[in-house]
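Colleague: Dumping the structure here so I can ask a few things about it.
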2 protein chains.
Amino acid sequence: MGITQISKTKTFDGFHYQYSHQASTTNCEMRFAIFIPPQASENNKVPVLYWLSGLTCTDENFMQKAGGLKMAAELGMAIVTPDTSPRGEGVPDDDSCDGKPAYDFGLGAGFYVNATQEPWQKNYQMYDYVLTELPKLIEQYFPVTSKRAISGHSMGGHGALVLALRNPEIFTSVSAFSPICNPVNAPWGKKAFTNYLGANTQEWQQYDASILMAKATKIVPTLVHQGIYDNFLTEQLMPETLLHSAKQTNYPLQFEQVEGYDHSYYFIASFIEQHLSFHKQHLSLT
Amino acid sequence: MGITQISKTKTFDGFHYQYSHQASTTNCEMRFAIFIPPQASENNKVPVLYWLSGLTCTDENFMQKAGGLKMAAELGMAIVTPDTSPRGEGVPDDDSCDGKPAYDFGLGAGFYVNATQEPWQKNYQMYDYVLTELPKLIEQYFPVTSKRAISGHSMGGHGALVLALRNPEIFTSVSAFSPICNPVNAPWGKKAFTNYLGANTQEWQQYDASILMAKATKIVPTLVHQGIYDNFLTEQLMPETLLHSAKQTNYPLQFEQVEGYDHSYYFIASFIEQHLSFHKQHLSLT
């Protein structure tokens, strides 16, 4: 299976590309974006930071709004932004919100899980897509090494933490902005997990960063930024649960609570270079 | 007349705000955004860079996508982004494009002129709005000095150049990305000027940067970036005309033609810090 180029745009002396491909995990056409820094070549492969976006986002939000490409170009770091769900004709969506699509479940809200329930199971396999299928393509088609770091925002912060905690041998480092830290107890998480994973809440635990961190035996260096003026802080994000887990297992979680910042990309942009510097160190970039 | 806050978002230790106000020049409610850097206060007023956006844009595009706020925060520079046209109920739009709004005229396409023709005259007074009414409000309500620089993209690059060339005593410096340099000879410009200004092409000349530069007697330091892969380069932007004018009058135009870049915000983001540094110097910021 190949990949099809949708766009190619020069930026910071590197290139931003968008591609589509037929994905076997999600049984639909998927789009992703990749930033290739100027120093990357077949003779000088660069490591990759995967960025997982939040609810309603696509491959575009991070690339356009985070302000991360300047430093990625300087460091020699590729960045890959997958979509947040399967999409396209035949992919089921949630129409339960007065007949209108809900923003927090279905399209744009794959929650980085492998669905086990109908009608979601066929397409909503975002965990496998992001962990296995997409990196395989990236490493096949682009001048990158197999070194991977991962980061994300909100639902994508949840996804990044879960992927890293379950696969500590694969990711050099993980970071998150305003992650959903304890989805099994949050309204967004409960809704998504009930639909994608069914009523057995035992099944949900493999996708909850706080639960995973509380029983972690291997370490992935972890950085989290959380704004204090975030509208979703108390009801949906619950960073205190993650901090509690980190304390229990003595997990070296670097947690930065920042005064005055909210849930938006203006917050992400303010601290993205701290995150890239953090990953740089663990990806052994100079 | 007051201003009404729509949003307030912390970013880079400063704040991004959106406001609306009833404008007397454009006879409608106008929205603008302003970035106030962290060091600004009533006792430490900062200078302002006005950014004029291109066709279809609002106050949001630059603030979200240009990646300019980090350096503005470091330098202590406020940035103001007006909308690109009057808007709202009662403001006429162009429906000549198969009954659908055109992207290149009417709403989102004010071209920074004072319209003299019906039905545009009442609202489409963007030249006066940006030159006089908006700065007056900004200087009244925010901790800023009266020192002003101006910059813009495409239609906004045209606006910035025209405003600076006609008001050299007001702007310390002007810069532009992919400006429409010779609108009297470009399809976008001809369409807009015919509608806003009427058939007498003599009237158009006061809004053409190339014509204004060819007879300039006072200098405003000027920086222009133009990407070579810009789709609009030959037909709409015509930088060669501006360069020709600069040569005629020995105008110190710093023109940077850059290989591989297109018309997008990925291009702007790549060079915005060069523009902010350029303005910093002329705004006497350290």
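Identifiers in this document derive from the order of the structure tokens: chains are assigned A, B, ..., residues are numbered from 1 separately in each chain, and ligands are numbered from 1 in order of occurrence.
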Compile the residues of chain B that lie within 10 Å of chain A, evaluated using only C-alpha atoms, and express the compilation as a PyMOL selection string.
Modeller: chain B and resi 8-16+61-70+227+229+259-271
Colleague: Could you write out that same residue set with N, CA and C atoms as a short mmCIF file (atom, residue, chain, number, x, y, z; two decimals), in the first residue's frame?
Modeller:
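selection-v2.cif, freshly written:
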data_model
loop_
_atom_site.label_atom_id
_atom_site.label_comp_id
_atom_site.auth_asym_id
_atom_site.auth_seq_id
_atom_site.Cartn_x
_atom_site.Cartn_y
_atom_site.Cartn_z
N LYS B 8 -10.03 36.90 26.31
CA LYS B 8 -8.75 37.26 26.93
C LYS B 8 -8.01 35.95 27.17
N THR B 9 -6.84 35.79 26.57
CA THR B 9 -6.13 34.51 26.63
C THR B 9 -4.66 34.77 26.91
N LYS B 10 -4.17 34.16 27.97
CA LYS B 10 -2.75 34.33 28.28
C LYS B 10 -1.89 33.58 27.26
N THR B 11 -0.85 34.22 26.80
CA THR B 11 0.09 33.56 25.89
C THR B 11 1.45 34.24 25.98
N PHE B 12 2.49 33.46 26.09
CA PHE B 12 3.86 33.97 26.23
C PHE B 12 3.96 35.02 27.34
N ASP B 13 3.28 34.75 28.43
CA ASP B 13 3.27 35.64 29.60
C ASP B 13 2.57 36.97 29.35
N GLY B 14 2.13 37.20 28.13
CA GLY B 14 1.32 38.38 27.84
C GLY B 14 -0.12 37.95 27.65
N PHE B 15 -0.90 38.82 27.01
CA PHE B 15 -2.30 38.47 26.77
C PHE B 15 -2.73 38.78 25.34
N HIS B 16 -3.49 37.86 24.80
CA HIS B 16 -4.18 38.05 23.52
C HIS B 16 -5.63 38.37 23.83
N ASN B 61 -6.24 35.13 11.94
CA ASN B 61 -5.24 34.35 11.19
C ASN B 61 -3.82 34.60 11.64
N PHE B 62 -3.45 35.86 11.72
CA PHE B 62 -2.08 36.17 12.13
C PHE B 62 -1.81 35.68 13.55
N MET B 63 -2.74 35.97 14.45
CA MET B 63 -2.51 35.64 15.86
C MET B 63 -2.33 34.13 16.06
N GLN B 64 -3.10 33.33 15.32
CA GLN B 64 -3.05 31.88 15.50
C GLN B 64 -1.93 31.22 14.73
N LYS B 65 -1.57 31.76 13.56
CA LYS B 65 -0.73 31.00 12.64
C LYS B 65 0.65 31.57 12.36
N ALA B 66 0.88 32.85 12.65
CA ALA B 66 2.13 33.46 12.19
C ALA B 66 3.32 33.13 13.09
N GLY B 67 3.05 32.71 14.32
CA GLY B 67 4.17 32.41 15.22
C GLY B 67 4.96 33.65 15.61
N GLY B 68 4.31 34.79 15.64
CA GLY B 68 5.02 36.03 15.93
C GLY B 68 4.96 36.48 17.39
N LEU B 69 4.15 35.83 18.20
CA LEU B 69 3.91 36.37 19.54
C LEU B 69 5.06 36.12 20.50
N LYS B 70 5.82 35.05 20.27
CA LYS B 70 6.96 34.77 21.15
C LYS B 70 7.95 35.95 21.12
N GLY B 227 7.85 34.81 -1.80
CA GLY B 227 8.22 33.44 -2.15
C GLY B 227 8.12 33.21 -3.65
N TYR B 229 7.56 30.31 -5.16
CA TYR B 229 6.54 29.32 -5.52
C TYR B 229 5.13 29.82 -5.22
N GLU B 259 13.47 31.35 -2.32
CA GLU B 259 13.30 30.13 -3.11
C GLU B 259 12.37 29.13 -2.41
N GLY B 260 11.40 28.60 -3.15
CA GLY B 260 10.64 27.46 -2.66
C GLY B 260 9.42 27.78 -1.81
N TYR B 261 9.29 29.02 -1.36
CA TYR B 261 8.16 29.36 -0.47
C TYR B 261 6.93 29.80 -1.27
N ASP B 262 5.76 29.54 -0.67
CA ASP B 262 4.50 29.85 -1.34
C ASP B 262 3.79 31.04 -0.67
N HIS B 263 2.48 31.11 -0.79
CA HIS B 263 1.70 32.27 -0.32
C HIS B 263 1.12 32.05 1.08
N SER B 264 1.44 30.94 1.73
CA SER B 264 0.72 30.52 2.94
C SER B 264 1.33 31.08 4.22
N TYR B 265 0.65 30.81 5.33
CA TYR B 265 1.19 31.18 6.65
C TYR B 265 2.43 30.37 7.02
N TYR B 266 2.65 29.22 6.37
CA TYR B 266 3.91 28.49 6.60
C TYR B 266 5.10 29.32 6.11
N PHE B 267 4.86 30.11 5.09
CA PHE B 267 5.87 31.05 4.59
C PHE B 267 6.03 32.22 5.56
N ILE B 268 4.92 32.80 5.96
CA ILE B 268 4.98 33.94 6.88
C ILE B 268 5.70 33.54 8.17
N ALA B 269 5.31 32.39 8.74
CA ALA B 269 5.92 31.94 10.00
C ALA B 269 7.43 31.81 9.87
N SER B 270 7.88 31.41 8.68
CA SER B 270 9.32 31.19 8.48
C SER B 270 10.13 32.48 8.57
N PHE B 271 9.50 33.61 8.29
CA PHE B 271 10.24 34.87 8.22
C PHE B 271 9.69 35.97 9.14
#
Colleague: Using only C-alpha atoms, which protein or nucleic acid residues come within 12 Å of Leu131 of chain B? Drop anything in the same chain fewer than 3 positions from it, and give the result as a PyMOL selection string.
Modeller: chain B and resi 25+50-52+82+112-114+125-128+134-138+148-150+159-160+162-164+166-168+170-171
Colleague: Let me see the file: selected residues, C-alpha atoms, as an mmCIF file, in the first residue's frame.
Modeller:
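So the final result, stored in selection26.cif, reads:
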data_model
loop_
_atom_site.group_PDB
_atom_site.id
_atom_site.type_symbol
_atom_site.label_atom_id
_atom_site.label_comp_id
_atom_site.auth_asym_id
_atom_site.auth_seq_id
_atom_site.Cartn_x
_atom_site.Cartn_y
_atom_site.Cartn_z
ATOM 1 C CA THR B 25 -15.804 55.198 9.853
ATOM 2 C CA TYR B 50 -0.357 46.867 13.042
ATOM 3 C CA TRP B 51 -0.822 43.719 10.958
ATOM 4 C CA LEU B 52 -3.145 43.831 7.948
ATOM 5 C CA PRO B 82 -7.921 44.550 12.517
ATOM 6 C CA TYR B 112 -7.883 49.117 2.825
ATOM 7 C CA VAL B 113 -9.459 51.850 0.682
ATOM 8 C CA ASN B 114 -12.149 54.450 1.313
ATOM 9 C CA GLN B 125 -13.887 52.886 4.700
ATOM 10 C CA MET B 126 -11.051 50.635 5.787
ATOM 11 C CA TYR B 127 -8.296 53.142 4.970
ATOM 12 C CA ASP B 128 -9.627 55.633 7.511
ATOM 13 C CA LEU B 134 -8.546 52.099 15.297
ATOM 14 C CA PRO B 135 -5.195 53.551 16.462
ATOM 15 C CA LYS B 136 -7.046 56.234 18.398
ATOM 16 C CA LEU B 137 -8.958 53.556 20.298
ATOM 17 C CA ILE B 138 -5.844 51.455 20.815
ATOM 18 C CA ARG B 148 3.540 52.629 15.037
ATOM 19 C CA ALA B 149 4.937 50.144 12.564
ATOM 20 C CA ILE B 150 2.842 48.341 9.985
ATOM 21 C CA GLY B 159 -2.570 47.971 2.559
ATOM 22 C CA ALA B 160 0.544 48.279 4.703
ATOM 23 C CA VAL B 162 0.014 52.155 0.789
ATOM 24 C CA LEU B 163 -0.630 53.388 4.326
ATOM 25 C CA ALA B 164 3.088 53.838 5.006
ATOM 26 C CA ARG B 166 1.073 57.978 2.114
ATOM 27 C CA ASN B 167 1.833 58.627 5.787
ATOM 28 C CA PRO B 168 5.606 58.507 6.189
ATOM 29 C CA ILE B 170 3.200 58.217 11.072
ATOM 30 C CA PHE B 171 4.892 54.856 10.551
#
Colleague: With only C-alpha atoms as the basis for distance, which of A:Pro37, A:Ser173, A:Ile211, A:Ser85 is at the shortest distance from Phe278 of chain A?
Modeller: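 The answer is A:Ser173, which sits nearest to Phe278 of chain A.
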Colleague: Enter the distance from atom CA of Gln226 of chain A to atom CA of Ser178 of chain A, in Å, rounded to one decimal.
Modeller: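 Rounded to one decimal, the two atoms are 4.8 Å apart.
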Colleague: Could you tell me how far atom CA of Asp208 of chain B lies from atom CA of Ala246 of chain B, in Å and to one decimal?
Modeller: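 A separation of 13.4 Å between them.
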Colleague: Pick from A:Tyr141, A:Phe232, A:Tyr207, A:Phe193: nearest to Glu42 of chain A, with only C-alpha atoms counted?
Modeller: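 Closest candidate: A:Tyr141.
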Colleague: How would you write, as an MDAnalysis selection string, the set of residues in segment 13-183 of chain B that DSSP gives as strand (DSSP E)?
Modeller: chainID B and resid 14:23 28:36 46:52 78:82 144:153 171:177
Colleague: Store the residues of this selection in a file with C-alpha atoms, as a CSV table (one decimal), in the first residue's frame.
Modeller:
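Below is the file that was written, part-v7.csv:
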chain,number,residue,atom,x,y,z
B,14,GLY,CA,1.3,38.4,27.8
B,15,PHE,CA,-2.3,38.5,26.8
B,16,HIS,CA,-4.2,38.0,23.5
B,17,TYR,CA,-7.5,39.9,23.5
B,18,GLN,CA,-10.4,40.3,21.1
B,19,TYR,CA,-12.6,43.3,21.3
B,20,SER,CA,-15.6,44.6,19.3
B,21,HIS,CA,-16.6,48.3,19.0
B,22,GLN,CA,-19.1,50.4,17.0
B,23,ALA,CA,-16.9,52.1,14.3
B,28,CYS,CA,-20.8,48.9,11.8
B,29,GLU,CA,-19.5,46.8,14.6
B,30,MET,CA,-15.8,45.9,14.1
B,31,ARG,CA,-13.7,43.3,15.8
B,32,PHE,CA,-10.0,43.5,16.4
B,33,ALA,CA,-7.4,41.5,18.3
B,34,ILE,CA,-4.5,42.8,20.3
B,35,PHE,CA,-1.5,41.2,21.8
B,36,ILE,CA,-0.1,43.0,24.9
B,46,VAL,CA,5.1,49.8,24.3
B,47,PRO,CA,5.0,50.6,20.6
B,48,VAL,CA,2.5,48.9,18.3
B,49,LEU,CA,2.8,46.8,15.1
B,50,TYR,CA,-0.4,46.9,13.0
B,51,TRP,CA,-0.8,43.7,11.0
B,52,LEU,CA,-3.1,43.8,7.9
B,78,ALA,CA,2.1,45.2,21.0
B,79,ILE,CA,0.5,43.7,17.9
B,80,VAL,CA,-2.9,44.8,16.6
B,81,THR,CA,-4.8,42.8,13.9
B,82,PRO,CA,-7.9,44.5,12.5
B,144,VAL,CA,0.9,51.7,24.2
B,145,THR,CA,2.8,54.6,22.8
B,146,SER,CA,1.9,56.4,19.6
B,147,LYS,CA,4.9,54.8,17.8
B,148,ARG,CA,3.5,52.6,15.0
B,149,ALA,CA,4.9,50.1,12.6
B,150,ILE,CA,2.8,48.3,10.0
B,151,SER,CA,3.0,45.0,8.2
B,152,GLY,CA,0.7,42.7,6.2
B,153,HIS,CA,0.2,39.9,3.9
B,171,PHE,CA,4.9,54.9,10.6
B,172,THR,CA,8.5,54.1,11.7
B,173,SER,CA,8.7,51.2,9.3
B,174,VAL,CA,6.7,49.0,7.0
B,175,SER,CA,7.0,45.4,5.9
B,176,ALA,CA,5.0,43.0,3.7
B,177,PHE,CA,4.8,39.4,2.8
Colleague: Taking the chain letters and numbering used in this document, name the residues of segment 1-102 of chain B that DSSP puts in alpha helix (DSSP H), as a ChimeraX atom specification.
Modeller: /B:60-65,69-75
Colleague: Could you tell me how far atom CA of His158 of chain B lies from atom CA of Ala216 of chain B, in Å and to one decimal?
Modeller: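 If I compute the distance from atom CA of His158 of chain B to atom CA of Ala216 of chain B, I get 15.8 Å.
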